[in-house]
Structure formats: C-alpha cells, structure tokens
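S.K.: The structure file coords14.tsv (TSV, C-alpha atoms) is provided below.
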```
chain	number	residue	atom	x	y	z
T	827	MET	CA	-1.01	22.24	2.40
T	828	ILE	CA	0.19	19.96	-0.40
T	829	SER	CA	0.19	21.79	-3.73
T	830	GLU	CA	1.32	18.86	-5.88
T	831	LYS	CA	-1.10	16.44	-7.50
T	832	ILE	CA	-0.49	13.05	-5.91
T	833	VAL	CA	-2.11	9.81	-7.05
T	834	ALA	CA	-2.14	6.90	-4.60
T	835	VAL	CA	-2.14	3.30	-5.84
T	836	VAL	CA	-3.51	0.47	-3.68
T	837	PRO	CA	-3.07	-2.93	-5.40
T	838	ILE	CA	-5.39	-5.73	-4.24
T	839	ARG	CA	-5.14	-9.14	-5.89
T	840	SER	CA	-8.43	-10.55	-4.56
T	841	TRP	CA	-10.37	-11.08	-1.36
T	842	ARG	CA	-10.54	-14.84	-1.70
T	843	ASN	CA	-6.94	-15.75	-2.49
T	844	GLY	CA	-4.95	-13.40	-0.30
T	845	LYS	CA	-3.09	-13.81	2.99
T	846	THR	CA	-2.59	-17.55	2.55
T	847	ARG	CA	0.22	-17.55	5.12
T	848	LEU	CA	-2.40	-16.69	7.75
T	849	ALA	CA	-4.42	-19.82	6.87
T	850	PRO	CA	-3.10	-21.83	9.87
T	851	ILE	CA	-4.67	-19.34	12.29
T	852	LEU	CA	-7.51	-17.62	10.40
T	853	ALA	CA	-10.39	-19.21	8.49
T	854	PRO	CA	-11.03	-18.01	4.92
T	855	GLU	CA	-13.95	-15.82	6.03
T	856	ALA	CA	-11.83	-14.16	8.70
T	857	ARG	CA	-8.97	-13.54	6.27
T	858	GLU	CA	-11.35	-11.93	3.80
T	859	ALA	CA	-12.86	-9.73	6.52
T	860	LEU	CA	-9.36	-8.76	7.65
T	861	MET	CA	-8.32	-7.81	4.12
T	862	ARG	CA	-11.45	-5.77	3.51
T	863	ARG	CA	-11.17	-3.86	6.75
T	864	SER	CA	-7.46	-3.19	6.37
T	865	ALA	CA	-7.87	-2.04	2.76
T	866	LYS	CA	-10.75	0.24	3.71
T	867	GLY	CA	-8.62	1.75	6.46
T	868	VAL	CA	-5.73	2.42	4.08
T	869	ILE	CA	-8.04	4.15	1.62
T	870	ALA	CA	-9.66	6.18	4.41
T	871	ALA	CA	-6.20	7.30	5.56
T	872	ALA	CA	-5.42	8.54	2.06
T	873	VAL	CA	-8.75	10.34	1.76
T	874	ASN	CA	-8.58	11.94	5.22
T	875	SER	CA	-5.02	13.16	4.71
T	876	GLU	CA	-6.35	15.69	2.18
T	877	ALA	CA	-3.02	15.27	0.37
T	878	ILE	CA	-4.17	12.83	-2.33
T	879	ALA	CA	-6.00	13.77	-5.53
T	880	SER	CA	-7.08	10.26	-6.57
T	881	ILE	CA	-6.79	6.75	-5.16
T	882	LEU	CA	-6.47	3.90	-7.63
T	883	VAL	CA	-7.51	0.42	-6.54
T	884	VAL	CA	-5.76	-1.83	-9.05
T	885	SER	CA	-7.04	-5.39	-9.31
T	886	GLY	CA	-7.92	-8.10	-11.77
T	887	ASP	CA	-10.76	-9.25	-9.49
T	888	SER	CA	-14.28	-8.05	-10.30
T	889	ASP	CA	-15.42	-8.24	-6.67
T	890	VAL	CA	-12.58	-5.97	-5.54
T	891	LEU	CA	-13.29	-3.48	-8.33
T	892	ALA	CA	-17.01	-3.42	-7.49
T	893	TRP	CA	-16.14	-2.80	-3.84
T	894	ALA	CA	-13.81	0.05	-4.78
T	895	ALA	CA	-16.47	1.63	-6.98
T	896	GLY	CA	-18.64	2.17	-3.91
T	897	LEU	CA	-16.02	4.09	-1.90
T	898	GLY	CA	-16.64	7.57	-3.28
T	899	ASP	CA	-15.53	9.84	-6.08
T	900	MET	CA	-11.85	9.92	-5.07
T	901	VAL	CA	-11.48	6.16	-5.51
T	902	VAL	CA	-10.94	4.87	-9.06
T	903	PRO	CA	-11.22	1.11	-9.76
T	904	LEU	CA	-8.57	0.16	-12.33
T	905	ARG	CA	-8.66	-3.30	-13.86
T	906	GLN	CA	-5.34	-5.12	-14.18
T	907	PRO	CA	-5.17	-7.20	-17.39
T	908	GLU	CA	-4.71	-10.94	-16.99
T	909	ALA	CA	-1.78	-10.73	-19.39
T	910	THR	CA	0.21	-8.57	-16.94
T	911	PRO	CA	-0.32	-10.01	-13.45
T	912	GLY	CA	1.67	-9.27	-10.34
T	913	LEU	CA	2.37	-6.45	-7.93
T	914	ASN	CA	4.98	-4.61	-9.99
T	915	ALA	CA	2.73	-4.63	-13.03
T	916	ALA	CA	-0.12	-3.25	-10.91
T	917	ILE	CA	2.01	-0.35	-9.64
T	918	SER	CA	3.29	0.33	-13.17
T	919	LEU	CA	-0.30	0.43	-14.43
T	920	GLY	CA	-1.11	2.96	-11.73
T	921	ARG	CA	1.91	5.06	-12.67
T	922	GLN	CA	0.80	5.18	-16.30
T	923	TRP	CA	-2.68	6.29	-15.20
T	924	ALA	CA	-1.09	8.98	-13.03
T	925	LEU	CA	1.14	10.17	-15.89
T	926	ASP	CA	-1.84	10.31	-18.24
T	927	SER	CA	-3.67	12.37	-15.59
T	928	HIS	CA	-0.72	14.82	-15.33
T	929	ALA	CA	-0.02	13.96	-11.71
T	930	ASP	CA	3.21	15.12	-10.08
T	931	ARG	CA	3.82	12.18	-7.74
T	932	LEU	CA	2.81	8.59	-7.22
T	933	MET	CA	2.24	7.05	-3.79
T	934	SER	CA	2.13	3.27	-3.50
T	935	LEU	CA	0.38	1.88	-0.42
T	936	PHE	CA	-0.20	-1.77	0.40
T	937	ALA	CA	-3.70	-2.72	1.46
T	938	ASP	CA	-2.47	-4.70	4.50
T	939	LEU	CA	-1.27	-1.76	6.61
T	940	PRO	CA	-3.86	-1.86	9.41
T	941	LEU	CA	-2.23	0.86	11.53
T	942	LEU	CA	-1.78	3.40	8.73
T	943	ASP	CA	-3.49	6.73	9.38
T	944	GLU	CA	-3.88	10.07	7.66
T	945	GLY	CA	-0.87	11.47	9.51
T	946	ASP	CA	1.37	8.86	7.90
T	947	VAL	CA	0.05	9.71	4.44
T	948	LEU	CA	0.44	13.45	5.01
T	949	GLN	CA	4.01	13.03	6.29
T	950	MET	CA	4.96	10.96	3.25
T	951	ALA	CA	3.34	13.44	0.88
T	952	SER	CA	5.29	16.29	2.52
T	953	HIS	CA	8.77	14.80	2.04
T	954	PRO	CA	10.88	16.80	-0.43
T	955	GLN	CA	12.90	13.89	-1.84
T	956	ARG	CA	12.19	12.58	-5.32
T	957	LEU	CA	11.86	9.06	-3.88
T	958	LEU	CA	10.61	8.04	-0.45
T	959	LEU	CA	10.62	4.42	0.71
T	960	GLY	CA	8.71	3.01	3.68
T	961	PRO	CA	10.45	-0.19	4.90
T	962	ASP	CA	8.68	-3.05	6.63
T	963	ARG	CA	9.47	-4.07	10.23
T	964	GLN	CA	12.34	-6.32	9.13
T	965	GLY	CA	13.92	-3.58	7.03
T	966	LEU	CA	13.82	-5.84	3.97
T	967	GLY	CA	10.58	-5.09	2.12
T	968	THR	CA	8.95	-1.89	0.90
T	969	ASN	CA	5.46	-1.25	2.28
T	970	ALA	CA	5.08	2.28	0.91
T	971	LEU	CA	6.70	4.36	-1.80
T	972	VAL	CA	6.40	7.94	-3.04
T	973	LEU	CA	7.93	8.79	-6.42
T	974	ASN	CA	8.20	12.00	-8.41
T	975	LEU	CA	6.84	11.30	-11.88
T	976	ASP	CA	9.02	13.66	-13.89
T	977	ASP	CA	12.09	12.07	-15.49
T	978	PRO	CA	13.81	9.94	-14.37
T	979	GLY	CA	10.97	8.89	-12.05
T	980	SER	CA	8.92	7.76	-15.03
T	981	LEU	CA	11.70	5.23	-15.74
T	982	PHE	CA	11.93	3.83	-12.21
T	983	ARG	CA	11.75	0.02	-12.20
T	984	PHE	CA	9.53	-1.24	-9.40
T	985	ALA	CA	10.93	-4.29	-7.61
T	986	PHE	CA	8.33	-5.25	-5.01
T	987	GLY	CA	8.77	-8.72	-3.56
T	988	ASP	CA	11.45	-10.34	-1.42
T	989	ALA	CA	14.21	-7.93	-0.34
T	990	SER	CA	12.61	-5.15	-2.36
T	991	LEU	CA	14.07	-2.34	-0.25
T	992	SER	CA	17.66	-3.00	-1.33
T	993	ARG	CA	16.58	-3.34	-4.97
T	994	HIS	CA	14.67	-0.05	-4.83
T	995	LEU	CA	17.69	1.67	-3.31
T	996	ARG	CA	19.92	0.35	-6.10
T	997	GLU	CA	17.41	1.57	-8.66
T	998	ALA	CA	17.42	5.04	-7.10
T	999	GLN	CA	21.21	5.08	-7.32
T	1000	ARG	CA	21.10	3.91	-10.94
T	1001	LEU	CA	18.82	6.80	-11.87
T	1002	GLY	CA	20.51	9.38	-9.65
T	1003	LEU	CA	17.36	9.97	-7.57
T	1004	ASP	CA	17.72	11.56	-4.16
T	1005	TYR	CA	15.85	9.42	-1.68
T	1006	ALA	CA	14.91	9.04	1.97
T	1007	LEU	CA	13.36	6.40	4.23
T	1008	HIS	CA	10.08	6.94	6.05
T	1009	ASP	CA	9.82	5.03	9.31
T	1010	SER	CA	6.52	4.93	11.19
T	1011	VAL	CA	4.36	2.29	12.86
T	1012	GLY	CA	1.70	2.80	10.22
T	1013	THR	CA	3.97	1.97	7.30
T	1014	ARG	CA	6.14	-0.65	9.03
T	1015	PHE	CA	3.35	-2.89	10.26
T	1016	ASP	CA	1.91	-5.21	7.62
T	1017	LEU	CA	0.04	-8.48	8.09
T	1018	ASP	CA	1.62	-11.45	6.32
T	1019	THR	CA	2.52	-14.10	8.88
T	1020	PRO	CA	1.08	-15.64	12.07
T	1021	GLN	CA	3.69	-13.71	14.04
T	1022	ASP	CA	2.49	-10.47	12.43
T	1023	TRP	CA	-1.04	-11.35	13.52
T	1024	SER	CA	0.07	-12.11	17.08
T	1025	ASP	CA	1.96	-8.81	17.29
T	1026	PHE	CA	-1.03	-7.00	15.82
T	1027	LEU	CA	-3.41	-8.41	18.44
T	1028	GLU	CA	-1.00	-7.33	21.16
T	1029	THR	CA	-0.96	-3.83	19.70
T	1030	LEU	CA	-4.76	-3.75	19.52
T	1031	SER	CA	-4.94	-4.79	23.16
T	1032	GLU	CA	-2.66	-1.91	24.10
T	1033	ILE	CA	-5.09	0.55	22.48
T	1034	GLY	CA	-8.17	-1.04	24.02
T	1035	ILE	CA	-9.43	-3.47	21.36
T	1036	HIS	CA	-9.45	-7.03	22.66
T	1037	GLY	CA	-9.56	-10.20	20.59
T	1038	PRO	CA	-9.53	-10.88	16.87
T	1039	LEU	CA	-13.31	-10.94	16.38
T	1040	GLU	CA	-13.63	-7.25	17.08
T	1041	TRP	CA	-11.32	-6.56	14.15
T	1042	VAL	CA	-12.16	-9.23	11.59
T	1043	GLY	CA	-15.84	-9.56	12.40
T	1044	ALA	CA	-16.94	-6.49	10.44
T	1045	ARG	CA	-16.51	-5.56	6.80
```
Could you show the structure in this file as structure tokens?

M.R.:
Amino acid sequence: MISEKIVAVVPIRSWRNGKTRLAPILAPEAREALMRRSAKGVIAAAVNSEAIASILVVSGDSDVLAWAAGLGDMVVPLRQPEATPGLNAAISLGRQWALDSHADRLMSLFADLPLLDEGDVLQMASHPQRLLLGPDRQGLGTNALVLNLDDPGSLFRFAFGDASLSRHLREAQRLGLDYALHDSVGTRFDLDTPQDWSDFLETLSEIGIHGPLEWVGAR
C-alpha cells in the first residue's frame, strides 16, 4: 500500500496536431483515435494502480480538456497557458499544482504508452529513490519520471525532448538526488515513428489482437 500522496501528470498537446511522424502510414482520423485510446489507457493504468491520488491532464486544447473532464473525479483537466507552451512547461505546471496540493511525489507519464498497465504504475510508485526515470526503447529519451517534491526536487529542471535521459541524469547529479532507472515494456514502448507502429502491431499480434483497425477504430 502506497502511503504517500502522488500526483500523476499526463501532458497532451492536442488530438489534431499530434503524432505527425506517423502521417505517412496513418490517416489523421486514425492518428487521433490512436492518441485517444492510448491516453485513455495510460489514465486507466494510473487509476487502477490505486497508487495515485490525482491525475492531471495538462493541455492548451479545449477538446482535450473537455475529454479529460469526463473521465471521473480522479482526473483533473489543467489548462496550459499559451504563453508557456511545450512539454517541460506542462510538467512544471503540474508540479506546481502538486506542490499547492501538498503532494509528496510527482509522476510524469506520456500519453503515448499503449502497453502501460497498473502494475507499471504501482512499481514506479513503490521505488524508494527520490528520482526514478523510465527510459525509452533507445535508452535516449525519458518516457516516465517519478520525483520527490521536497527540496531539492522542487528545483529539478525538466529536460524532456531529444536525449532527455542524459540531461535528467546530469540534473539529478547537480542536485545530489539519488536516482534509479525503471525498465519495463510498458514504459519503454512509445509510439512516435512508423517503426514504432510496426513493432507495436507485431506485439499486438503476439497477444491476439490482429490488425491496426482493432486498435485505432475505437475511441
């Protein structure tokens, strides 16, 4: 049983303008359906883990915020101001909300983690380190992060983007934070490129779901 108050942050830019690198293989409607289903799965994993107190969906898009508002009492839509766009600003906004709510830890989860489940979330919430980083499959990016919010965690500089894992590790060293890496299929596997999509379909086939329409055809 997790005794700490943990706030999860799921940033979503928009349904319409995301996953542009999948445009050569997926039509706009399919990309939107994919994003919605993946995001819903990530939020369900956080809810079902029973380790998370609140889930913030941070977005500047009204459609995303309206969608989040219909997902239950645990999910809080949080509007990102136009003056502070970007992923790092979204996570920082979520951290401030968590600090104002007297949370103990912040968990950042990307919305494009289609294989994430409640076991992944519970394992991450149970780690004792002050910083936990979930690398992507290439070992370069950071798909998930758990951060203690007491000092110096409140000063941690988020560096999501290209090669973010090495930058987050340097930031942990700068602040003297003990850290660990969390490695699981659920946190490693994101959907950014056509190769990601091909590998994802292969994985779905292995678990008995065949073809893309079964996954992107429902919202």

S.K.: Just the number, please: distance in Å from atom CA of T:Ala849 to atom CA of T:Asp1018, one decimal.

M.R.: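 Pair atom CA of T:Ala849 / atom CA of T:Asp1018 returns 10.3 Å.
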
S.K.: Can you write out as JSON lines which residues of stretch 992-1032 of chain T fall within 10 Å of stretch 862-868 of chain T, alongside each residue's closest atom pair and its distance in Å to one decimal, counting only C-alpha atoms and ordering rows by chain and ascending residue number?

M.R.:
```
{"residue": "T:Gly1012", "atom": "CA", "partner": "T:Val868", "partner_atom": "CA", "distance": 9.6}
{"residue": "T:Asp1016", "atom": "CA", "partner": "T:Ser864", "partner_atom": "CA", "distance": 9.7}
{"residue": "T:Leu1017", "atom": "CA", "partner": "T:Ser864", "partner_atom": "CA", "distance": 9.3}
```

S.K.: For atom CA of T:Ser1031 and atom CA of T:Leu939, quote the distance in Å rounded to one decimal.

M.R.: 17.2 Å

S.K.: My list of candidates is T:Ser952, T:Ser918, T:Ser980, T:Asn974. Which is closest to T:Ser875 when distances are computed with all atoms listed in the file?

M.R.: T:Ser952

S.K.: Calculate how many Å separate atom CA of T:Arg921 from atom CA of T:Tyr1005, rounding to one decimal.

M.R.: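 Computing the Euclidean distance for atom CA of T:Arg921 and atom CA of T:Tyr1005 yields 18.3 Å.
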
S.K.: Would you please work out which residue, of T:Arg956, T:Pro911, T:Ala970, T:Gln964, is nearest to T:Gly1002 when using only C-alpha atoms?

M.R.: T:Arg956

S.K.: So, with all atoms listed in the file as the atoms that count, which of T:Leu942, T:Ile917, T:Leu932, T:Leu1003 lies closest to T:Val972?

M.R.: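 Using all atoms listed in the file, T:Val972 sits closest to T:Leu932.
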
S.K.: Would you mind telling me which residue in T:Ser880, T:Ala894, T:Ala1006, T:Leu941 lies nearest to T:Leu1027 when using only C-alpha atoms?

M.R.: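 Ranked by minimum distance to T:Leu1027, first place goes to T:Leu941.
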
S.K.: Measuring between all atoms listed in the file, which one of T:Ala871, T:Leu1001, T:Val884, T:Leu852 shows the shortest distance to T:Ala915?

M.R.: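 Closest residue, counting all atoms listed in the file: T:Val884.
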
S.K.: Would you mind telling me which residue in T:Leu935, T:Leu919, T:Ala879, T:Val835 lies nearest to T:Val947 when using only C-alpha atoms?

M.R.: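 Ranking T:Leu935, T:Leu919, T:Ala879, T:Val835 by distance to T:Val947, first place goes to T:Leu935.
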
S.K.: With only C-alpha atoms as the counted atoms, please give the residues lying no more than 7 Å from T:Leu975, apart from itself and same-chain residues fewer than 2 positions off, as number ranges by chain.

M.R.: T: 930-932, 973, 977, 979-980
